[in-house]
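Data block below; observations after.
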Amino acid sequence: RHRWPVALINVYKQTDVKISGDGIIDGDGKVFWDAYWKLRNAYQPKGLRWASDYDAERARLMLIYGARRVEIGNGGLDNPLHLQRSGFWTVQVTYSDNIKVSGIEVRNNIGGLGPSTDGVDIDSCHEVLVENADIDNHDDDIVIKSGRDADGLRVNRPSYNIVVRNSIIRAGVAGIAFGSETSGGIHDVEVYGLKVVGPTVNGVLLKSAHTRGGDMYNLNIHDMRISGVETAIRADLNWNPAYSYASIPADVKNPPEIWKILATPVPHDEGLPHYHDVHIHNIEADNVRAAIRFEAYPDAPIKDIDLDHIHIKAKTAGEIIHADGIHFTDTTIDAADGSHVRLEDAKGVTGLN
């Protein structure tokens with residue numbers, strides 16, 4: 001059995017739990033971050049970047065697993081629950097339902113940039129509310145997942161009936177992200193009232209990989225203010241290949257069991273992820289590098305995406321690659337370089353000037 005320190009605070013298969021109060025929950029993350037970078041720097045030249053996140057065995061700050069009716073936080077941002085310096089993901093909620101995360105402040109860049117210190121991870125859960133969060137970290141800020149690759153397809157537990165609202169994102173990889181672990185699928189999610197500011201990399205991020213699979217639909221993302229990011233709205237279904245694709249080097253004779261699980265092959269058709277029926281509206285963005293970047297696969301395009309009342313001021317317009325049915329209404333992209341969104345293998349793109 002693969003051993004891994006779980007979290008500083010663990011709620012394991014419990015019901016009716018509340019975590020709140022004054023003071024600070026501090027994960028002393030720098031110890032874990034330094035150990036991770038040392039291992040990753042040794043692994044990366046060997047083609048083992050994908051294994052470093054697992055073998056580093058960093059402790060999360062809080063894990064809610066197989067639980068029901070759990071509340072985390074103090075309710076509002078006037079007096080939030082303070083969480084800082086997580087060794088790995090900050091608040092991970094897995095295989096749980098009827099969860100409320102409300103009134104938390106996450107600060108994971110104290111004493112360095114904490115790698116993989118996601119703010120709130122909702123993984124294969126349903127009936128979840130995340131609100132009134134103020135997050136500064138060095139990875140996804142609020143993210144919805146549902147399992148990874150062959151093992152995630154085997155478990156096949158989706159995330160659904162989730163609301164994320166009224167939060168401030170100050171730094172990280174994405175204000176709101178879906179994936180890249182999408183194997184169980186994600187559907188019926190509403191996100192609104194987020195304020196995303198730089199140095200966050202992406203405002204809205206849909207991601208996956210060609211070994212993940214999953215069906216992602218009925219995603220409603222609206223009423224967001226985005227400023228100072230690299231890309232306002234992004235879909236990347238070949239996310240971070242060095243991390244996403246596990247391949248055991250031929251000279252490794254007795255790989256750990258977790259490596260074998262991660263490297264289990266996924267048939268091509270099962271591995272292709274499908275994002276469709278996504279509605280993104282009422283988005284204001286300025287001081288961004290690229291307005292829109294979508295890239296999927298020729299045999300699994302991103303489909304039926306409605307974007308309306310989108311107004312973006314950017315250095316460049318961006319691109320749409322491998323898509324089918326991208327509909328823009330009342331959308332303006334003011335690109336400083338005078339560019340228009342570049343289309344490649346993009347069918348049924350309407351309303352884009």
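For the structure tokens, the naming scheme is as follows: chains receive sequential letters (A, B, ...) according to their order of presentation, residues are indexed from 1 within each chain, and ligands are indexed from 1 in presentation order.
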**OP:** Quick one: everything within 7 Å of His126 of chain A, counting only C-alpha atoms, minus sequence neighbours fewer than 3 positions away in the same chain. Send it as number ranges by chain.
**Re:** A: 96-98, 159-162
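Taking segment 129-334 of chain A and asking which residues DSSP calls helix (DSSP H, G or I) on the backbone, you get Asp149, Ala150, Asp151, Gly152, Leu153, Arg154, Val155, Pro241, Ala242, Tyr243, Ser244, Glu257, Ile258, Trp259, Lys260, Ile261, Leu262, His268, Asp269, Glu270 and Gly271 of chain A.
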Could you write those residues out with N, CA and C atoms, as a short mmCIF file (atom, residue, chain, number, x, y, z; two decimals), in the first residue's frame?
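For reference, again_24.cif as written:
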```
data_model
loop_
_atom_site.label_atom_id
_atom_site.label_comp_id
_atom_site.auth_asym_id
_atom_site.auth_seq_id
_atom_site.Cartn_x
_atom_site.Cartn_y
_atom_site.Cartn_z
N ASP A 149 -7.34 9.57 -15.03
CA ASP A 149 -6.89 8.49 -15.91
C ASP A 149 -7.58 7.16 -15.61
N ALA A 150 -6.87 6.05 -15.75
CA ALA A 150 -7.50 4.73 -15.66
C ALA A 150 -8.21 4.51 -14.33
N ASP A 151 -7.59 4.92 -13.25
CA ASP A 151 -8.21 4.73 -11.94
C ASP A 151 -9.44 5.61 -11.79
N GLY A 152 -9.37 6.85 -12.28
CA GLY A 152 -10.53 7.73 -12.22
C GLY A 152 -11.68 7.24 -13.09
N LEU A 153 -11.37 6.66 -14.23
CA LEU A 153 -12.40 6.09 -15.09
C LEU A 153 -13.03 4.86 -14.43
N ARG A 154 -12.22 4.09 -13.71
CA ARG A 154 -12.75 2.93 -12.99
C ARG A 154 -13.71 3.35 -11.89
N VAL A 155 -13.31 4.33 -11.10
CA VAL A 155 -14.16 4.80 -9.99
C VAL A 155 -15.41 5.49 -10.53
N PRO A 241 1.73 18.47 -20.33
CA PRO A 241 2.04 17.07 -20.65
C PRO A 241 3.05 16.40 -19.73
N ALA A 242 4.04 17.13 -19.26
CA ALA A 242 5.04 16.51 -18.39
C ALA A 242 4.42 16.03 -17.08
N TYR A 243 3.36 16.70 -16.65
CA TYR A 243 2.65 16.28 -15.44
C TYR A 243 1.55 15.28 -15.75
N SER A 244 0.89 15.45 -16.89
CA SER A 244 -0.34 14.69 -17.17
C SER A 244 -0.09 13.25 -17.61
N GLU A 257 4.18 0.73 -6.76
CA GLU A 257 2.82 0.39 -7.18
C GLU A 257 2.06 1.61 -7.68
N ILE A 258 2.27 2.77 -7.04
CA ILE A 258 1.55 3.97 -7.45
C ILE A 258 1.96 4.38 -8.87
N TRP A 259 3.20 4.14 -9.24
CA TRP A 259 3.62 4.43 -10.61
C TRP A 259 2.87 3.56 -11.59
N LYS A 260 2.69 2.29 -11.25
CA LYS A 260 1.98 1.37 -12.15
C LYS A 260 0.53 1.82 -12.34
N ILE A 261 -0.09 2.28 -11.27
CA ILE A 261 -1.47 2.76 -11.37
C ILE A 261 -1.54 4.00 -12.25
N LEU A 262 -0.65 4.94 -12.02
CA LEU A 262 -0.64 6.18 -12.79
C LEU A 262 -0.34 5.93 -14.26
N HIS A 268 -7.73 5.01 -26.40
CA HIS A 268 -7.82 6.35 -26.99
C HIS A 268 -9.20 6.98 -26.82
N ASP A 269 -10.24 6.25 -27.21
CA ASP A 269 -11.58 6.83 -27.17
C ASP A 269 -12.04 7.11 -25.75
N GLU A 270 -11.64 6.29 -24.81
CA GLU A 270 -12.02 6.52 -23.41
C GLU A 270 -11.26 7.70 -22.82
N GLY A 271 -10.07 7.95 -23.34
CA GLY A 271 -9.23 8.99 -22.77
C GLY A 271 -9.56 10.40 -23.23
#
```
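Across A:Ser247, A:His311, A:Asp236, A:His210, the tightest approach to Pro267 of chain A is made by A:His210 when counting only C-alpha atoms.
Of the residues listed (A:Ile248, A:Ile312, A:Ile305, A:Val278), A:Ile312 shows the shortest atom-to-atom separation from Ile226 of chain A; distances use only C-alpha atoms.
Atom pair atom CA of Thr264 of chain A / atom CA of Arg40 of chain A has a distance of 21.6 Å (rounded to one decimal).
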**OP:** Go through A:Leu61, A:Val101, A:Asn79, A:Tyr192 and flag the residue nearest Ile19 of chain A, using only C-alpha atoms for the distances.
**Re:** A:Val101
Enumerate, in order of chain and increasing residue number, the residues of segment 217-268 of chain A with an atom no farther than 12 Å from segment 319-322 of chain A, each with its shortest atom pair and distance in Å to one decimal, counting only C-alpha atoms, as a Markdown table.
```
| residue | atom | partner | partner_atom | distance |
| --- | --- | --- | --- | --- |
| A:Thr231 | CA | A:Glu319 | CA | 11.0 |
| A:Ile233 | CA | A:Glu319 | CA | 10.8 |
| A:Arg234 | CA | A:Ile320 | CA | 9.6 |
| A:Ala235 | CA | A:Ile320 | CA | 9.1 |
| A:Asp236 | CA | A:Ile321 | CA | 9.8 |
| A:Leu237 | CA | A:His322 | CA | 10.3 |
| A:Asn238 | CA | A:Ile321 | CA | 11.9 |
```
Original post:
Of the residues A:Gly214, A:Gly21, A:Pro158, A:Gly29, which is the one nearest to His276 of chain A, using only C-alpha atoms?
Top reply: A:Gly214
Original post:
Given the choices A:Glu131, A:Asp34, A:Asp136, A:Glu190, which gets closest to Gly76 of chain A if the distance is worked out from only C-alpha atoms?
Top reply: A:Glu131
**OP:** Please identify which residues in segment 123-175 of chain A DSSP calls strand (DSSP E) from the backbone, and express them as a PyMOL selection string.
**Re:** chain A and resi 123+126-136+140-145+159-171+174-175
Residues within 12 Å of segment 54-57 of chain A, please, as an mmCIF file with C-alpha atoms, in the first residue's frame. Count only C-alpha atoms; anything in the same chain fewer than 6 positions from it doesn't count.
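See result-v3.cif below for the written result:
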```cif
data_model
loop_
_atom_site.group_PDB
_atom_site.id
_atom_site.type_symbol
_atom_site.label_atom_id
_atom_site.label_comp_id
_atom_site.auth_asym_id
_atom_site.auth_seq_id
_atom_site.Cartn_x
_atom_site.Cartn_y
_atom_site.Cartn_z
ATOM 1 C CA HIS A 2 1.297 3.457 -0.910
ATOM 2 C CA ARG A 3 1.748 5.585 2.196
ATOM 3 C CA TRP A 4 1.197 9.315 2.205
ATOM 4 C CA PRO A 5 0.710 11.738 5.077
ATOM 5 C CA VAL A 6 -2.909 12.762 4.704
ATOM 6 C CA ALA A 7 -3.494 16.264 6.082
ATOM 7 C CA VAL A 31 9.596 22.362 4.714
ATOM 8 C CA PHE A 32 7.452 20.450 2.201
ATOM 9 C CA TRP A 33 8.051 22.871 -0.677
ATOM 10 C CA ASP A 34 11.837 22.618 -0.384
ATOM 11 C CA ALA A 35 11.703 18.811 -0.260
ATOM 12 C CA TYR A 36 9.412 18.775 -3.309
ATOM 13 C CA TRP A 37 11.699 20.962 -5.419
ATOM 14 C CA LYS A 38 14.708 18.856 -4.487
ATOM 15 C CA LEU A 39 12.913 15.688 -5.590
ATOM 16 C CA ARG A 40 11.426 17.243 -8.715
ATOM 17 C CA ASN A 41 14.797 18.582 -9.854
ATOM 18 C CA ALA A 42 16.188 15.046 -9.525
ATOM 19 C CA TYR A 43 13.203 13.404 -11.240
ATOM 20 C CA LEU A 48 9.615 11.447 -14.041
ATOM 21 C CA GLY A 87 2.379 21.818 2.172
ATOM 22 C CA PHE A 88 0.165 20.753 -0.739
ATOM 23 C CA TRP A 89 -3.527 21.379 -1.530
ATOM 24 C CA PRO A 115 3.989 24.772 -5.384
ATOM 25 C CA SER A 116 0.676 22.940 -5.962
ATOM 26 C CA TYR A 243 2.647 16.284 -15.437
ATOM 27 C CA ALA A 246 2.837 8.945 -16.901
ATOM 28 C CA PRO A 255 8.570 0.626 -10.064
ATOM 29 C CA PRO A 256 6.425 1.551 -7.050
ATOM 30 C CA GLU A 257 2.821 0.391 -7.178
ATOM 31 C CA ILE A 258 1.548 3.971 -7.455
ATOM 32 C CA TRP A 259 3.625 4.431 -10.606
ATOM 33 C CA ILE A 261 -1.474 2.761 -11.366
ATOM 34 C CA LEU A 262 -0.639 6.175 -12.788
#
```
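Using only C-alpha atoms, the nearest neighbour of Ala300 of chain A within the list A:Asp26, A:Asp215, A:Asp334, A:Glu344 is A:Asp215.
Atom pair atom CA of Pro80 of chain A / atom CA of Ile135 of chain A has a distance of 11.2 Å (rounded to one decimal).
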